[in-house]
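As stored in run00.csv (CSV, C-alpha atoms):
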chain,number,residue,atom,x,y,z
E,25,MET,CA,-145.6,-93.3,-50.3
E,26,PRO,CA,-145.2,-95.4,-47.1
E,27,GLU,CA,-141.5,-96.0,-47.9
E,28,GLN,CA,-141.0,-92.2,-48.0
E,29,GLN,CA,-142.8,-91.8,-44.7
E,30,ASP,CA,-140.6,-94.6,-43.2
E,31,GLN,CA,-137.5,-92.7,-44.4
E,32,VAL,CA,-138.8,-89.5,-43.0
E,33,LEU,CA,-139.3,-91.2,-39.6
E,34,LEU,CA,-135.8,-92.8,-39.7
E,35,GLN,CA,-134.2,-89.5,-40.8
E,36,GLY,CA,-136.1,-87.5,-38.1
E,37,LEU,CA,-135.1,-90.0,-35.5
E,38,ARG,CA,-131.5,-89.9,-36.6
E,39,GLN,CA,-131.6,-86.1,-36.3
E,40,GLY,CA,-133.6,-86.0,-33.1
E,41,GLU,CA,-136.5,-84.0,-34.6
E,42,ARG,CA,-139.0,-83.4,-31.8
E,43,GLN,CA,-142.0,-83.5,-34.2
E,44,VAL,CA,-140.9,-86.9,-35.6
E,45,LEU,CA,-140.3,-88.3,-32.1
E,46,ASN,CA,-143.7,-87.1,-31.0
E,47,GLN,CA,-145.2,-88.8,-34.1
E,48,ILE,CA,-143.4,-92.1,-33.2
E,49,TYR,CA,-144.6,-91.9,-29.6
E,50,LYS,CA,-148.2,-91.2,-30.7
E,51,GLU,CA,-148.3,-94.0,-33.2
E,52,TYR,CA,-146.2,-96.7,-31.6
E,53,ALA,CA,-146.4,-96.3,-27.8
E,54,PRO,CA,-150.0,-97.6,-27.7
E,55,LYS,CA,-149.0,-100.6,-29.9
E,56,VAL,CA,-146.0,-101.4,-27.7
E,57,SER,CA,-148.1,-101.1,-24.5
E,58,SER,CA,-150.9,-103.3,-25.9
E,59,TRP,CA,-148.4,-105.9,-27.1
E,60,VAL,CA,-146.5,-106.1,-23.8
E,61,LEU,CA,-149.7,-106.3,-21.8
E,62,LYS,CA,-151.0,-109.1,-24.0
E,63,ASN,CA,-147.7,-110.9,-23.4
E,64,GLY,CA,-147.8,-110.9,-19.6
E,65,GLY,CA,-146.0,-107.6,-19.0
E,66,GLN,CA,-146.8,-104.5,-17.1
E,67,LEU,CA,-147.4,-100.9,-18.3
E,68,GLU,CA,-144.0,-99.8,-16.7
E,69,GLU,CA,-142.3,-102.5,-18.6
E,70,ALA,CA,-144.0,-101.4,-21.8
E,71,LYS,CA,-142.7,-97.8,-21.3
E,72,ASP,CA,-139.2,-99.1,-20.6
E,73,LEU,CA,-139.3,-101.3,-23.7
E,74,PHE,CA,-140.5,-98.5,-25.9
E,75,GLN,CA,-137.6,-96.3,-24.7
E,76,GLU,CA,-135.1,-99.2,-25.2
E,77,ALA,CA,-136.5,-99.8,-28.7
E,78,LEU,CA,-136.3,-96.1,-29.6
E,79,ILE,CA,-132.7,-95.9,-28.4
E,80,ALA,CA,-131.8,-99.0,-30.4
E,81,MET,CA,-133.5,-97.6,-33.5
E,82,TYR,CA,-131.6,-94.3,-33.0
E,83,ASP,CA,-128.3,-96.2,-32.6
E,84,LYS,CA,-129.0,-98.2,-35.7
E,85,SER,CA,-130.1,-95.2,-37.7
E,86,SER,CA,-127.0,-93.3,-36.7
E,87,LYS,CA,-124.8,-95.7,-38.6
E,88,GLY,CA,-124.6,-94.0,-42.0
E,89,ASP,CA,-125.1,-97.2,-44.1
E,90,PHE,CA,-128.2,-98.4,-42.2
E,91,GLN,CA,-131.3,-99.1,-44.4
E,92,LEU,CA,-134.6,-100.3,-43.2
E,93,PRO,CA,-135.1,-103.9,-44.3
E,94,CYS,CA,-138.9,-103.5,-44.0
E,95,ALA,CA,-141.5,-100.9,-42.9
E,96,PHE,CA,-140.5,-98.7,-40.0
E,97,GLY,CA,-143.3,-99.9,-37.8
E,98,ALA,CA,-142.6,-103.6,-38.5
E,99,TYR,CA,-138.9,-103.1,-37.7
E,100,PHE,CA,-139.7,-101.1,-34.6
E,101,MET,CA,-142.1,-103.7,-33.3
E,102,GLY,CA,-139.5,-106.4,-34.2
E,103,VAL,CA,-137.0,-104.6,-32.0
E,104,VAL,CA,-139.6,-104.4,-29.2
E,105,ARG,CA,-140.3,-108.2,-29.5
E,106,TYR,CA,-136.5,-109.0,-29.4
E,107,LYS,CA,-135.9,-106.8,-26.4
E,108,TRP,CA,-139.0,-108.3,-24.6
E,109,LEU,CA,-137.8,-111.9,-25.2
E,110,ASP,CA,-134.3,-111.0,-24.1
E,111,ARG,CA,-135.7,-109.4,-20.9
E,112,LYS,CA,-137.8,-112.5,-20.2
E,113,SER,CA,-134.9,-114.8,-20.9
E,114,LYS,CA,-132.7,-112.8,-18.4
E,115,LYS,CA,-135.5,-112.9,-15.8
E,116,ASN,CA,-135.8,-116.7,-16.2
E,117,ARG,CA,-132.1,-117.1,-15.9
E,118,ASP,CA,-132.0,-115.0,-12.8
E,119,GLN,CA,-134.9,-117.0,-11.3
E,120,GLU,CA,-133.1,-120.3,-12.1
E,121,VAL,CA,-130.0,-119.0,-10.3
E,122,ARG,CA,-132.1,-118.0,-7.3
E,123,ASN,CA,-133.8,-121.4,-7.3
E,124,GLU,CA,-130.5,-123.2,-7.5
E,125,ASN,CA,-129.0,-121.2,-4.7
E,126,LEU,CA,-132.1,-122.0,-2.6
E,127,ARG,CA,-131.8,-125.7,-3.4
E,128,ARG,CA,-128.1,-125.6,-2.5
E,129,TYR,CA,-128.7,-124.0,0.8
E,130,THR,CA,-131.8,-125.9,2.0
E,131,ASP,CA,-130.2,-128.9,3.5
E,132,GLU,CA,-132.4,-129.9,6.5
E,133,ASN,CA,-129.3,-130.7,8.6
E,134,ASP,CA,-127.8,-127.3,8.1
E,135,PRO,CA,-128.1,-125.3,11.3
E,136,ASN,CA,-127.5,-122.0,9.5
E,137,ILE,CA,-130.5,-122.4,7.1
E,138,GLU,CA,-132.6,-120.0,9.2
E,139,ASP,CA,-129.9,-117.4,9.1
E,140,LEU,CA,-129.6,-117.8,5.4
E,141,LEU,CA,-133.3,-117.4,4.9
E,142,ILE,CA,-133.4,-114.3,7.0
E,143,GLU,CA,-130.4,-112.8,5.1
E,144,THR,CA,-132.1,-113.6,1.8
E,145,GLU,CA,-135.4,-112.0,2.9
E,146,GLN,CA,-133.5,-108.9,4.0
E,147,ALA,CA,-131.6,-108.7,0.7
E,148,HIS,CA,-135.0,-109.0,-1.1
E,149,ARG,CA,-136.5,-106.2,1.0
E,150,GLN,CA,-133.5,-104.0,0.3
E,151,THR,CA,-133.8,-104.6,-3.4
E,152,GLN,CA,-137.5,-103.7,-3.3
E,153,LYS,CA,-136.8,-100.5,-1.4
E,154,LEU,CA,-134.1,-99.6,-4.0
E,155,GLU,CA,-136.6,-100.2,-6.9
E,156,ALA,CA,-139.4,-98.4,-5.2
E,157,SER,CA,-137.3,-95.3,-4.4
E,158,PHE,CA,-135.9,-95.4,-7.9
E,159,GLN,CA,-139.4,-95.3,-9.4
E,160,GLN,CA,-140.0,-92.1,-7.4
E,161,LEU,CA,-137.2,-90.3,-9.1
E,162,SER,CA,-138.0,-88.0,-12.1
E,163,GLU,CA,-138.0,-89.5,-15.5
E,164,LEU,CA,-134.8,-87.7,-16.4
E,165,CYS,CA,-133.0,-89.0,-13.3
E,166,GLN,CA,-134.2,-92.6,-14.1
E,167,GLN,CA,-133.0,-92.3,-17.7
E,168,LEU,CA,-129.7,-90.7,-16.7
E,169,LEU,CA,-128.9,-93.3,-14.0
E,170,THR,CA,-130.0,-96.2,-16.2
E,171,LEU,CA,-127.8,-95.0,-19.1
E,172,ILE,CA,-124.8,-94.5,-16.8
E,173,LYS,CA,-125.3,-98.0,-15.2
E,174,GLY,CA,-125.6,-99.4,-18.7
E,175,GLY,CA,-122.1,-98.2,-19.5
E,176,ARG,CA,-123.1,-95.6,-22.1
E,177,SER,CA,-120.4,-93.1,-22.9
E,178,THR,CA,-120.6,-89.5,-21.6
E,179,GLU,CA,-120.9,-88.3,-25.2
E,180,ASP,CA,-123.9,-90.6,-25.9
E,181,ILE,CA,-125.6,-89.5,-22.7
E,182,LEU,CA,-125.0,-85.8,-23.5
E,183,GLN,CA,-126.5,-86.2,-26.9
E,184,GLN,CA,-129.4,-88.4,-25.9
E,185,LEU,CA,-130.5,-86.4,-22.9
E,186,SER,CA,-129.6,-82.9,-24.4
E,187,PHE,CA,-127.2,-81.8,-21.7
E,188,SER,CA,-125.1,-78.8,-22.5
E,189,SER,CA,-121.9,-80.1,-21.1
E,190,ALA,CA,-120.3,-83.0,-19.2
E,191,ASN,CA,-120.1,-80.8,-16.1
E,192,ALA,CA,-123.9,-80.3,-16.3
E,193,LEU,CA,-124.4,-84.0,-16.7
E,194,TYR,CA,-122.2,-84.8,-13.7
E,195,ARG,CA,-124.0,-82.2,-11.5
E,196,ARG,CA,-127.4,-83.7,-12.5
E,197,LYS,CA,-126.1,-87.2,-11.8
E,198,ASN,CA,-125.0,-86.2,-8.3
E,199,ALA,CA,-128.3,-84.4,-7.7
E,200,CYS,CA,-130.2,-87.6,-8.8
E,201,LEU,CA,-128.1,-89.8,-6.6
E,202,GLU,CA,-128.6,-87.5,-3.6
E,203,ARG,CA,-132.3,-87.5,-4.2
E,204,TRP,CA,-132.3,-91.3,-4.5
E,205,LYS,CA,-130.4,-91.6,-1.2
E,206,THR,CA,-133.0,-89.3,0.4
E,207,LEU,CA,-135.9,-91.3,-0.9
E,208,LEU,CA,-134.2,-94.5,0.2
E,209,ALA,CA,-133.6,-93.2,3.7
E,210,GLY,CA,-137.3,-92.3,4.0
E,211,ALA,CA,-138.5,-95.7,2.7

As structure tokens, please, write out the structure in this file.
Amino acid sequence: MPEQQDQVLLQGLRQGERQVLNQIYKEYAPKVSSWVLKNGGQLEEAKDLFQEALIAMYDKSSKGDFQLPCAFGAYFMGVVRYKWLDRKSKKNRDQEVRNENLRRYTDENDPNIEDLLIETEQAHRQTQKLEASFQQLSELCQQLLTLIKGGRSTEDILQQLSFSSANALYRRKNACLERWKTLLAGA
């Protein structure tokens, strides 16, 4: 019986059935949140990871020959763990690059070190402003802009976010970007 339920979830995800998506959210979102929080993450990261895992599962299930190698829940949580480790690895690599750049530019005899530190701080503040204003956008705008930045095709975005046409998608993208600019200007 559980195998049948797993196939129902997979098929429903593949077909975008709202009832199945709600069931997956209800059952797995708390598990993902709990797991991420236990592993040093934040609630926002858990939400992002859940979405990323759901998208990955959808992409996998859309391939006609995909078969679950284990229970749906185990596979889904495996995807979450993989994405979390990938995210942490990327964050560590980014931190190493920042540390290396800081070491490279912290020569005591360098008269421009103060300027460099000021520029670095300004860039950091600008990044924080960008992130804070992005978080104030609607969930749809955040998803849309993230998918576009991630290089997803227009067709994928149309299907995933249920836009009626490419024209509607581009109008929404422009409206989201305008809203983001307004929020950023007010920050």

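Ranking E:Ile142, E:Ala80, E:Leu154, E:Ala53 by their shortest atom-to-atom distance to Leu37 (chain E), with only C-alpha atoms included, puts E:Ala80 first.
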
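Remark: for Gln31 (chain E), the closest of the candidate residues E:Gly65, E:Tyr52, E:Ala95, E:Val60 is E:Ala95 (distances computed over all atoms listed in the file).
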
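By all atoms listed in the file, and with residues fewer than 4 positions from Met81 (chain E) along its chain excluded, the set lying at most 9 Å from it is Leu34, Leu37, Arg38, Glu76, Ala77, Ser85, Ser86, Tyr99, Phe100 and Val103 of chain E.
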
Fewer than 4 positions away in the same chain doesn't count, so skip those; otherwise give me all residues within 9 Å of Trp59 (chain E), counting all atoms listed in the file, as a compact mmCIF listing (two decimals) with C-alpha atoms, in the coordinates of the input.
# COMPACT_ATOMS: atom_id res chain seq x y z
CA PRO E 54 -150.00 -97.60 -27.70
CA LYS E 55 -149.00 -100.60 -29.90
CA ASN E 63 -147.70 -110.90 -23.40
CA GLY E 65 -146.00 -107.60 -19.00
CA ALA E 70 -144.00 -101.40 -21.80
CA ARG E 105 -140.30 -108.20 -29.50

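CA of Leu201 (chain E) to CA of Phe74 (chain E) spans 24.5 Å [interatomic distance, one decimal].
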
Around the point (-130.9, -90.1, -29.4) in the file's coordinates, collect all residues with an atom within 10 Å, using all atoms listed in the file, and return them as number ranges by chain.
E: 37-41, 45, 78-83, 85-86, 180-186

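Considering only C-alpha atoms, the residue among E:Ser157, E:Glu51, E:Asn116, E:Glu145 positioned nearest to Gly97 (chain E) is E:Glu51.
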
Please list as an NGL selection string every residue within 12 Å of Lys153 (chain E), counting all atoms listed in the file and excluding residues in the same chain fewer than 6 positions away.
:E and (146-147 or 159-160 or 204-211)

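Picture a line from CA of Arg176 (chain E) to CA of Cys94 (chain E); it runs 28.1 Å.
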
Between CA of Gly174 (chain E) and CA of Ala192 (chain E) - distance in Å to one decimal:
19.3 Å

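Shortest atom-to-atom contact with Glu163 (chain E) among E:Lys115, E:Glu68, E:Tyr194, E:Val56: E:Glu68, counting all atoms listed in the file.
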
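Distances here use only C-alpha atoms; by that measure, the residue among E:Gln150, E:Gly175, E:Gly64, E:Leu168 closest to Asn198 (chain E) is E:Leu168.
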
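Among E:Trp108, E:Asp72, E:Lys114, E:Ile48, the residue with the shortest atom-to-atom distance to Gly36 (chain E), counting all atoms listed in the file, is E:Ile48.
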